[in-house]
Structures are given as structure tokens and as C-alpha cells.
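Novice: entry14.json is reproduced in full below (JSON, C-alpha atoms).
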```json
[["chain", "number", "residue", "atom", "x", "y", "z"],
["W", 1, "MET", "CA", 0.05, -19.68, 4.05],
["W", 2, "ASN", "CA", -1.95, -21.14, 1.15],
["W", 3, "LEU", "CA", -2.54, -19.22, -2.04],
["W", 4, "LEU", "CA", -5.84, -17.35, -2.12],
["W", 5, "TYR", "CA", -8.04, -17.42, -5.20],
["W", 6, "PHE", "CA", -10.96, -15.15, -6.03],
["W", 7, "ASP", "CA", -13.38, -17.83, -4.79],
["W", 8, "ASP", "CA", -11.67, -18.00, -1.38],
["W", 9, "LEU", "CA", -12.35, -14.35, -0.49],
["W", 10, "LYS", "CA", -15.33, -12.88, 1.33],
["W", 11, "ILE", "CA", -16.56, -9.28, 1.46],
["W", 12, "GLY", "CA", -15.50, -7.73, 4.75],
["W", 13, "GLU", "CA", -12.58, -10.11, 5.18],
["W", 14, "GLY", "CA", -9.55, -8.34, 6.63],
["W", 15, "PHE", "CA", -5.82, -8.85, 6.91],
["W", 16, "LEU", "CA", -2.78, -7.34, 8.60],
["W", 17, "THR", "CA", 0.81, -7.18, 7.32],
["W", 18, "GLY", "CA", 4.13, -7.06, 9.09],
["W", 19, "SER", "CA", 5.85, -3.73, 9.66],
["W", 20, "HIS", "CA", 8.61, -1.61, 8.15],
["W", 21, "GLU", "CA", 10.63, 1.18, 9.80],
["W", 22, "VAL", "CA", 11.33, 4.25, 7.66],
["W", 23, "THR", "CA", 14.72, 5.93, 8.10],
["W", 24, "GLU", "CA", 15.90, 9.40, 7.11],
["W", 25, "ALA", "CA", 18.43, 7.80, 4.77],
["W", 26, "ASP", "CA", 15.62, 5.80, 3.09],
["W", 27, "ILE", "CA", 13.54, 8.95, 2.60],
["W", 28, "LYS", "CA", 16.42, 10.88, 1.04],
["W", 29, "ARG", "CA", 17.60, 7.96, -1.11],
["W", 30, "PHE", "CA", 14.13, 7.37, -2.59],
["W", 31, "ALA", "CA", 13.50, 11.09, -3.11],
["W", 32, "GLY", "CA", 16.91, 11.62, -4.70],
["W", 33, "GLU", "CA", 16.08, 9.07, -7.35],
["W", 34, "PHE", "CA", 12.32, 9.41, -7.83],
["W", 35, "ASP", "CA", 10.91, 12.60, -6.24],
["W", 36, "PRO", "CA", 13.72, 15.15, -5.75],
["W", 37, "GLN", "CA", 11.79, 17.91, -4.02],
["W", 38, "PRO", "CA", 13.35, 19.89, -1.14],
["W", 39, "PHE", "CA", 10.82, 18.71, 1.50],
["W", 40, "HIS", "CA", 11.89, 15.11, 0.78],
["W", 41, "LEU", "CA", 15.63, 15.84, 0.67],
["W", 42, "ASP", "CA", 16.47, 18.53, 3.24],
["W", 43, "ASP", "CA", 15.02, 18.82, 6.74],
["W", 44, "GLU", "CA", 15.82, 22.53, 7.06],
["W", 45, "ALA", "CA", 14.25, 23.38, 3.70],
["W", 46, "ALA", "CA", 11.24, 21.20, 4.61],
["W", 47, "ARG", "CA", 10.57, 23.14, 7.86],
["W", 48, "GLY", "CA", 9.28, 26.10, 5.86],
["W", 49, "THR", "CA", 6.77, 24.01, 3.89],
["W", 50, "ILE", "CA", 3.32, 22.63, 4.66],
["W", 51, "PHE", "CA", 5.11, 19.51, 5.95],
["W", 52, "GLY", "CA", 6.98, 21.38, 8.68],
["W", 53, "GLY", "CA", 9.91, 18.99, 8.37],
["W", 54, "LEU", "CA", 11.33, 16.15, 6.31],
["W", 55, "ALA", "CA", 8.58, 13.97, 4.84],
["W", 56, "ALA", "CA", 8.75, 10.86, 2.71],
["W", 57, "SER", "CA", 7.40, 11.06, -0.81],
["W", 58, "GLY", "CA", 3.90, 9.69, -1.10],
["W", 59, "TRP", "CA", 5.27, 7.38, -3.78],
["W", 60, "HIS", "CA", 7.80, 6.09, -1.27],
["W", 61, "THR", "CA", 4.95, 5.31, 1.13],
["W", 62, "ALA", "CA", 3.13, 3.57, -1.74],
["W", 63, "ALA", "CA", 6.24, 1.50, -2.52],
["W", 64, "ILE", "CA", 6.58, 0.47, 1.14],
["W", 65, "THR", "CA", 2.89, -0.46, 1.15],
["W", 66, "MET", "CA", 3.42, -2.65, -1.90],
["W", 67, "ARG", "CA", 6.41, -4.37, -0.33],
["W", 68, "LEU", "CA", 4.46, -5.07, 2.87],
["W", 69, "LEU", "CA", 1.55, -6.47, 0.87],
["W", 70, "VAL", "CA", 3.84, -8.72, -1.19],
["W", 71, "THR", "CA", 6.06, -9.94, 1.65],
["W", 72, "SER", "CA", 3.60, -10.27, 4.54],
["W", 73, "GLY", "CA", 0.09, -9.71, 3.23],
["W", 74, "PRO", "CA", -2.32, -12.25, 1.81],
["W", 75, "ARG", "CA", -0.74, -14.56, -0.76],
["W", 76, "PHE", "CA", -2.91, -14.10, -3.83],
["W", 77, "ALA", "CA", -2.72, -16.76, -6.53],
["W", 78, "GLY", "CA", -1.10, -15.15, -9.56],
["W", 79, "GLY", "CA", 0.39, -12.34, -7.45],
["W", 80, "ILE", "CA", -0.89, -8.82, -6.83],
["W", 81, "VAL", "CA", -2.05, -7.79, -10.30],
["W", 82, "GLY", "CA", -3.58, -4.33, -10.35],
["W", 83, "ALA", "CA", -6.30, -3.18, -12.70],
["W", 84, "GLY", "CA", -6.58, 0.38, -11.38],
["W", 85, "GLY", "CA", -7.06, 2.17, -8.12],
["W", 86, "GLU", "CA", -7.07, 5.32, -6.06],
["W", 87, "VAL", "CA", -4.45, 6.45, -3.55],
["W", 88, "GLU", "CA", -4.79, 9.12, -0.86],
["W", 89, "TRP", "CA", -2.05, 10.41, 1.43],
["W", 90, "LYS", "CA", -3.57, 11.43, 4.75],
["W", 91, "THR", "CA", -0.58, 12.46, 6.87],
["W", 92, "PRO", "CA", 3.15, 12.59, 6.08],
["W", 93, "THR", "CA", 5.39, 9.60, 6.61],
["W", 94, "ARG", "CA", 8.39, 10.65, 8.71],
["W", 95, "ALA", "CA", 11.78, 9.22, 9.58],
["W", 96, "GLY", "CA", 11.31, 6.82, 12.48],
["W", 97, "ASP", "CA", 7.77, 5.86, 11.50],
["W", 98, "VAL", "CA", 7.01, 2.14, 11.64],
["W", 99, "LEU", "CA", 4.40, 1.35, 9.02],
["W", 100, "HIS", "CA", 2.03, -1.58, 8.62],
["W", 101, "VAL", "CA", -0.98, -2.24, 6.41],
["W", 102, "GLU", "CA", -4.51, -3.20, 7.36],
["W", 103, "GLY", "CA", -6.64, -4.38, 4.46],
["W", 104, "GLU", "CA", -10.25, -5.24, 3.76],
["W", 105, "VAL", "CA", -12.07, -6.87, 0.85],
["W", 106, "LEU", "CA", -14.77, -4.39, -0.24],
["W", 107, "GLU", "CA", -16.24, -6.02, -3.32],
["W", 108, "LEU", "CA", -15.94, -9.20, -5.41],
["W", 109, "ILE", "CA", -16.85, -8.94, -9.10],
["W", 110, "PRO", "CA", -16.75, -12.15, -11.16],
["W", 111, "SER", "CA", -15.71, -11.48, -14.75],
["W", 112, "LYS", "CA", -18.54, -12.01, -17.25],
["W", 113, "SER", "CA", -16.24, -12.19, -20.26],
["W", 114, "ARG", "CA", -13.46, -14.23, -18.64],
["W", 115, "PRO", "CA", -14.89, -16.81, -16.25],
["W", 116, "ASP", "CA", -11.38, -17.85, -15.15],
["W", 117, "ARG", "CA", -10.92, -14.66, -13.11],
["W", 118, "GLY", "CA", -12.56, -11.92, -11.09],
["W", 119, "LEU", "CA", -11.92, -8.42, -9.78],
["W", 120, "VAL", "CA", -11.40, -7.80, -6.08],
["W", 121, "LEU", "CA", -11.84, -4.28, -4.72],
["W", 122, "LEU", "CA", -9.39, -4.10, -1.82],
["W", 123, "ARG", "CA", -8.88, -1.18, 0.57],
["W", 124, "SER", "CA", -5.45, -1.03, 2.20],
["W", 125, "ARG", "CA", -4.76, 1.49, 4.96],
["W", 126, "THR", "CA", -1.11, 2.11, 5.77],
["W", 127, "LEU", "CA", -0.72, 3.19, 9.39],
["W", 128, "ASN", "CA", 2.19, 4.43, 11.47],
["W", 129, "GLN", "CA", 3.10, 3.35, 15.01],
["W", 130, "ARG", "CA", 0.66, 5.91, 16.47],
["W", 131, "GLY", "CA", -2.24, 4.40, 14.53],
["W", 132, "GLU", "CA", -2.43, 7.38, 12.17],
["W", 133, "THR", "CA", -3.39, 6.57, 8.58],
["W", 134, "VAL", "CA", -0.63, 7.81, 6.29],
["W", 135, "GLN", "CA", -2.08, 6.35, 3.11],
["W", 136, "THR", "CA", -5.26, 4.74, 1.85],
["W", 137, "LEU", "CA", -5.14, 2.65, -1.32],
["W", 138, "THR", "CA", -8.31, 1.33, -2.89],
["W", 139, "ALA", "CA", -7.23, -1.05, -5.63],
["W", 140, "LYS", "CA", -8.89, -3.30, -8.16],
["W", 141, "LEU", "CA", -6.99, -6.56, -8.28],
["W", 142, "MET", "CA", -7.39, -9.30, -10.84],
["W", 143, "LEU", "CA", -7.38, -12.77, -9.29],
["W", 144, "PRO", "CA", -7.73, -16.17, -10.92],
["W", 145, "ARG", "CA", -10.70, -18.36, -9.98],
["W", 146, "ARG", "CA", -10.05, -21.67, -8.30],
["W", 147, "GLY", "CA", -9.89, -24.54, -10.77],
["W", 148, "ALA", "CA", -9.75, -22.24, -13.78]]
```
Kindly transcribe the structure held in the file into C-alpha cells.
Specialist:
Amino acid sequence: MNLLYFDDLKIGEGFLTGSHEVTEADIKRFAGEFDPQPFHLDDEAARGTIFGGLAASGWHTAAITMRLLVTSGPRFAGGIVGAGGEVEWKTPTRAGDVLHVEGEVLELIPSKSRPDRGLVLLRSRTLNQRGETVQTLTAKLMLPRRGA
């Protein structure tokens, strides 16, 4: 796949990534290091919470989303360089879930002060194998312009 520059993108353009299966060991390993709360570490303790069972950290879901975007999403020139964003977790990610990302270009904003780049507003929905949205990420990405 060729590298995509700001000038190559169109509003409404979509993309789809590959998939990633989440395991119980993955959930516990990530949580143990980065989000050590009982509902991410112990299934029995998690049953009595709003999750009703072991759930991956939202930050784990975000990290999986990033990996899917980098390894099987659109190949942006200069990489995926964030300039801000908003993340929402819609439903818990569980052991056995197979996640993929569907993305859409929402807005293209050429930089007035730096004509060699522009901002892309990109919405990425991370879905499980049942088509349920587990996360929505709306991110501002900085992309170089072609020929800049």
C-alpha cells in the first residue's frame, strides 16, 4: 500500500483494519502493569461490579486499536501523529473478543501557518466480533502535504 498524504484523503473516505483476538491472559497482563483494578484482574471480583465479569481496561482497548491502525490501517506518510482527540468506551472488551477497526475521514483542515501539513479529523470505531462498538476514537492527526 502506498503512503497517504493529506492531499490524498477525501471527507467520507473509510477504511478497515485487520483483527486482533483478546485473551484473558492479555487482559490481566495489561491491567497488572497499567490499570490494576479488580475488575481487570479477577473474574470473581469483577462479577460484583458494573462489568459483571472480567473486562479489559479501556486503555488496553485503546492500545489494541492503535496497534491495528499502525499494522493494518491506512499507511499515513509520517506515521500516525496525534494532535488531540476524544475516546469513548461503549461496551466492555472481554476475553475472546476479536476486535477490528473501521475508520472514516470526517474533516480535512489545511494548516494556515504551516503549508507543508494539515490536520485530519479521523473517527475510528473499534468493534468486536458481534459488531458491537467497544470504543470510538475521534482523533486529530497531523499529516504532511504531498510535495512539501
Novice: In Å to one decimal, how far is atom CA of Glu86 of chain W from atom CA of Asp26 of chain W?
Specialist: 24.5 Å
Novice: To one decimal in Å, tell me the separation between atom CA of His40 of chain W and atom CA of Leu16 of chain W.
Specialist: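 Computing the Euclidean distance for atom CA of His40 of chain W and atom CA of Leu16 of chain W yields 27.9 Å.
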Novice: From (-1.9, 11.3, 12.6), in the file's coordinates, out to 10 Å: which residues are reached, counting all atoms listed in the file? Answer as number ranges by chain.
Specialist: W: 90-93, 127-134
Novice: What does the structure give for the distance between atom CA of Lys140 of chain W and atom CA of Leu9 of chain W, in Å to one decimal?
Specialist: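 We find that atom CA of Lys140 of chain W and atom CA of Leu9 of chain W lie 13.9 Å from each other.
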Novice: Name the closest residue to Ser124 of chain W among the candidates W:Ser19, W:Thr71, W:Ser57, W:Thr138; distances are taken between atoms, counting all atoms listed in the file.
Specialist: W:Thr138
